[in-house]
Amino acid sequence: MKNNLSMIMGAKLLSVSKVHEDTGIARSTIISLYYRRAKNVKLDTLRKLCDYLQIPLSELIEYKPKQSTK
């Protein structure tokens, strides 16, 4: 799974501080997502980010299933 938060924030010229202030999401959570270190993210957090950035979840998070070894 890959998140595109850093790319999206860069394109919109948004800082971590601005996203934190506007959404109420913890800075540490935004930083973890920004640097792709986050392992578990609450659905509510993803919803807030998508609403704030005005993007669909599929633009924020990409998932490609593993190839079957069969």
# chains A, B, ... in the order shown; residues from 1 in each chain; ligands from 1
$ residues_around --residues "A:Met9" --least-positions-apart "2" --cutoff "12 Å" --atoms "only C-alpha atoms" --output "JSON, numbers by chain"
{"A": [3, 4, 5, 6, 7, 11, 12, 13, 14, 15, 16, 17, 18, 19, 30, 31, 33, 34, 35, 49, 50, 52, 53, 54, 55, 60]}
$ select_by_dssp --residues "chain A" --states "alpha helix (DSSP H)" --output "PDB file with C-alpha atoms, in the first residue's frame"
ATOM      1  CA  LEU A   5       0.100  12.546   0.817  1.00  0.00           C
ATOM      2  CA  SER A   6       3.502  14.174   0.346  1.00  0.00           C
ATOM      3  CA  MET A   7       2.964  14.515  -3.404  1.00  0.00           C
ATOM      4  CA  ILE A   8      -0.535  15.949  -2.942  1.00  0.00           C
ATOM      5  CA  MET A   9       0.533  18.365  -0.218  1.00  0.00           C
ATOM      6  CA  GLY A  10       3.463  19.502  -2.360  1.00  0.00           C
ATOM      7  CA  ALA A  11       1.233  20.121  -5.367  1.00  0.00           C
ATOM      8  CA  VAL A  16       2.206  19.841   7.812  1.00  0.00           C
ATOM      9  CA  SER A  17       1.383  22.654  10.239  1.00  0.00           C
ATOM     10  CA  LYS A  18      -1.363  24.036   7.984  1.00  0.00           C
ATOM     11  CA  VAL A  19      -2.989  20.612   7.521  1.00  0.00           C
ATOM     12  CA  HIS A  20      -2.773  19.993  11.289  1.00  0.00           C
ATOM     13  CA  GLU A  21      -4.349  23.375  12.115  1.00  0.00           C
ATOM     14  CA  ASP A  22      -7.128  23.026   9.552  1.00  0.00           C
ATOM     15  CA  THR A  23      -8.052  19.378  10.215  1.00  0.00           C
ATOM     16  CA  ARG A  27       1.016  16.499  13.655  1.00  0.00           C
ATOM     17  CA  SER A  28       2.670  13.166  14.405  1.00  0.00           C
ATOM     18  CA  THR A  29       0.033  11.344  12.343  1.00  0.00           C
ATOM     19  CA  ILE A  30       0.420  13.706   9.394  1.00  0.00           C
ATOM     20  CA  ILE A  31       4.215  13.412   9.557  1.00  0.00           C
ATOM     21  CA  SER A  32       4.003   9.602   9.670  1.00  0.00           C
ATOM     22  CA  LEU A  33       1.795   9.614   6.591  1.00  0.00           C
ATOM     23  CA  TYR A  34       3.878  12.261   4.826  1.00  0.00           C
ATOM     24  CA  LEU A  43     -10.536   5.535   8.621  1.00  0.00           C
ATOM     25  CA  ASP A  44     -11.738   8.772  10.210  1.00  0.00           C
ATOM     26  CA  THR A  45      -8.284  10.282   9.671  1.00  0.00           C
ATOM     27  CA  LEU A  46      -8.293   9.273   6.009  1.00  0.00           C
ATOM     28  CA  ARG A  47     -11.804  10.689   5.597  1.00  0.00           C
ATOM     29  CA  LYS A  48     -10.751  14.018   7.137  1.00  0.00           C
ATOM     30  CA  LEU A  49      -7.726  14.227   4.856  1.00  0.00           C
ATOM     31  CA  CYS A  50      -9.759  13.396   1.749  1.00  0.00           C
ATOM     32  CA  ASP A  51     -12.436  15.944   2.645  1.00  0.00           C
ATOM     33  CA  TYR A  52      -9.823  18.602   3.387  1.00  0.00           C
ATOM     34  CA  LEU A  53      -7.816  17.942   0.219  1.00  0.00           C
ATOM     35  CA  LEU A  57      -9.530   7.996  -1.164  1.00  0.00           C
ATOM     36  CA  SER A  58      -8.150   6.177  -4.216  1.00  0.00           C
ATOM     37  CA  GLU A  59      -6.016   9.239  -5.005  1.00  0.00           C
ATOM     38  CA  LEU A  60      -4.605   9.357  -1.479  1.00  0.00           C
TER      39      LEU A  60
END
$ atom_distance --atom1 "atom CA of A:Ala38" --atom2 "atom CA of A:Pro56"
19.3 Å
$ select_by_dssp --residues "chain A" --states "strand (DSSP E)" --output "PDB file with C-alpha atoms, in the first residue's frame"
ATOM      1  CA  LYS A   2       1.294   3.435  -0.897  1.00  0.00           C
ATOM      2  CA  ASN A   3       0.046   6.829   0.155  1.00  0.00           C
ATOM      3  CA  ILE A  61      -4.024   5.614  -1.002  1.00  0.00           C
ATOM      4  CA  GLU A  62      -2.961   3.166  -3.699  1.00  0.00           C
TER       5      GLU A  62
END
$ decode --residues "stretch 14-46 of chain A" --atoms "N, CA and C atoms" --output "CSV table (one decimal), in the first residue's frame"
chain,number,residue,atom,x,y,z
A,14,LEU,N,0.9,22.9,0.6
A,14,LEU,CA,0.5,22.8,2.0
A,14,LEU,C,1.6,22.3,2.9
A,15,SER,N,1.7,22.9,4.1
A,15,SER,CA,2.6,22.4,5.1
A,15,SER,C,1.9,21.5,6.1
A,16,VAL,N,2.7,20.7,6.8
A,16,VAL,CA,2.2,19.8,7.8
A,16,VAL,C,1.5,20.7,8.8
A,17,SER,N,2.0,21.8,9.2
A,17,SER,CA,1.4,22.7,10.2
A,17,SER,C,0.0,23.1,9.8
A,18,LYS,N,-0.1,23.5,8.5
A,18,LYS,CA,-1.4,24.0,8.0
A,18,LYS,C,-2.4,22.9,8.0
A,19,VAL,N,-2.0,21.7,7.5
A,19,VAL,CA,-3.0,20.6,7.5
A,19,VAL,C,-3.4,20.3,8.9
A,20,HIS,N,-2.5,20.3,9.9
A,20,HIS,CA,-2.8,20.0,11.3
A,20,HIS,C,-3.8,21.0,11.8
A,21,GLU,N,-3.5,22.3,11.6
A,21,GLU,CA,-4.3,23.4,12.1
A,21,GLU,C,-5.8,23.3,11.5
A,22,ASP,N,-5.8,23.0,10.2
A,22,ASP,CA,-7.1,23.0,9.6
A,22,ASP,C,-8.0,21.8,9.8
A,23,THR,N,-7.3,20.6,10.1
A,23,THR,CA,-8.1,19.4,10.2
A,23,THR,C,-8.2,18.9,11.7
A,24,GLY,N,-7.2,19.3,12.5
A,24,GLY,CA,-7.2,18.8,13.9
A,24,GLY,C,-6.5,17.4,14.0
A,25,ILE,N,-6.0,16.9,12.9
A,25,ILE,CA,-5.3,15.7,12.9
A,25,ILE,C,-3.9,15.9,13.6
A,26,ALA,N,-3.5,15.0,14.4
A,26,ALA,CA,-2.2,15.2,15.1
A,26,ALA,C,-1.1,15.4,14.2
A,27,ARG,N,-0.2,16.3,14.5
A,27,ARG,CA,1.0,16.5,13.7
A,27,ARG,C,1.8,15.2,13.4
A,28,SER,N,1.9,14.4,14.5
A,28,SER,CA,2.7,13.2,14.4
A,28,SER,C,2.0,12.2,13.4
A,29,THR,N,0.7,12.2,13.3
A,29,THR,CA,0.0,11.3,12.3
A,29,THR,C,0.3,11.8,10.9
A,30,ILE,N,0.2,13.1,10.7
A,30,ILE,CA,0.4,13.7,9.4
A,30,ILE,C,1.9,13.5,9.0
A,31,ILE,N,2.8,13.6,9.9
A,31,ILE,CA,4.2,13.4,9.6
A,31,ILE,C,4.5,11.9,9.2
A,32,SER,N,3.9,11.0,10.0
A,32,SER,CA,4.0,9.6,9.7
A,32,SER,C,3.5,9.3,8.3
A,33,LEU,N,2.4,9.8,7.9
A,33,LEU,CA,1.8,9.6,6.6
A,33,LEU,C,2.7,10.3,5.5
A,34,TYR,N,3.1,11.5,5.8
A,34,TYR,CA,3.9,12.3,4.8
A,34,TYR,C,5.2,11.5,4.4
A,35,TYR,N,5.8,10.9,5.4
A,35,TYR,CA,7.1,10.2,5.2
A,35,TYR,C,6.9,8.7,5.0
A,36,ARG,N,5.6,8.3,4.8
A,36,ARG,CA,5.3,6.9,4.5
A,36,ARG,C,5.8,5.9,5.6
A,37,ARG,N,5.7,6.3,6.8
A,37,ARG,CA,6.0,5.5,7.9
A,37,ARG,C,4.8,4.9,8.7
A,38,ALA,N,3.7,5.4,8.4
A,38,ALA,CA,2.5,5.0,9.1
A,38,ALA,C,2.1,3.5,8.7
A,39,LYS,N,1.8,2.7,9.7
A,39,LYS,CA,1.4,1.3,9.5
A,39,LYS,C,-0.1,1.2,9.6
A,40,ASN,N,-0.7,1.8,10.6
A,40,ASN,CA,-2.2,1.8,10.8
A,40,ASN,C,-2.7,3.2,10.9
A,41,VAL,N,-3.7,3.5,10.0
A,41,VAL,CA,-4.3,4.8,10.0
A,41,VAL,C,-5.8,4.6,10.2
A,42,LYS,N,-6.4,5.4,11.1
A,42,LYS,CA,-7.9,5.3,11.3
A,42,LYS,C,-8.6,5.8,10.0
A,43,LEU,N,-9.7,5.1,9.8
A,43,LEU,CA,-10.5,5.5,8.6
A,43,LEU,C,-11.0,7.0,8.8
A,44,ASP,N,-11.3,7.4,10.0
A,44,ASP,CA,-11.7,8.8,10.2
A,44,ASP,C,-10.7,9.8,9.8
A,45,THR,N,-9.4,9.4,10.1
A,45,THR,CA,-8.3,10.3,9.7
A,45,THR,C,-8.2,10.4,8.2
A,46,LEU,N,-8.3,9.3,7.5
A,46,LEU,CA,-8.3,9.3,6.0
A,46,LEU,C,-9.5,10.1,5.4
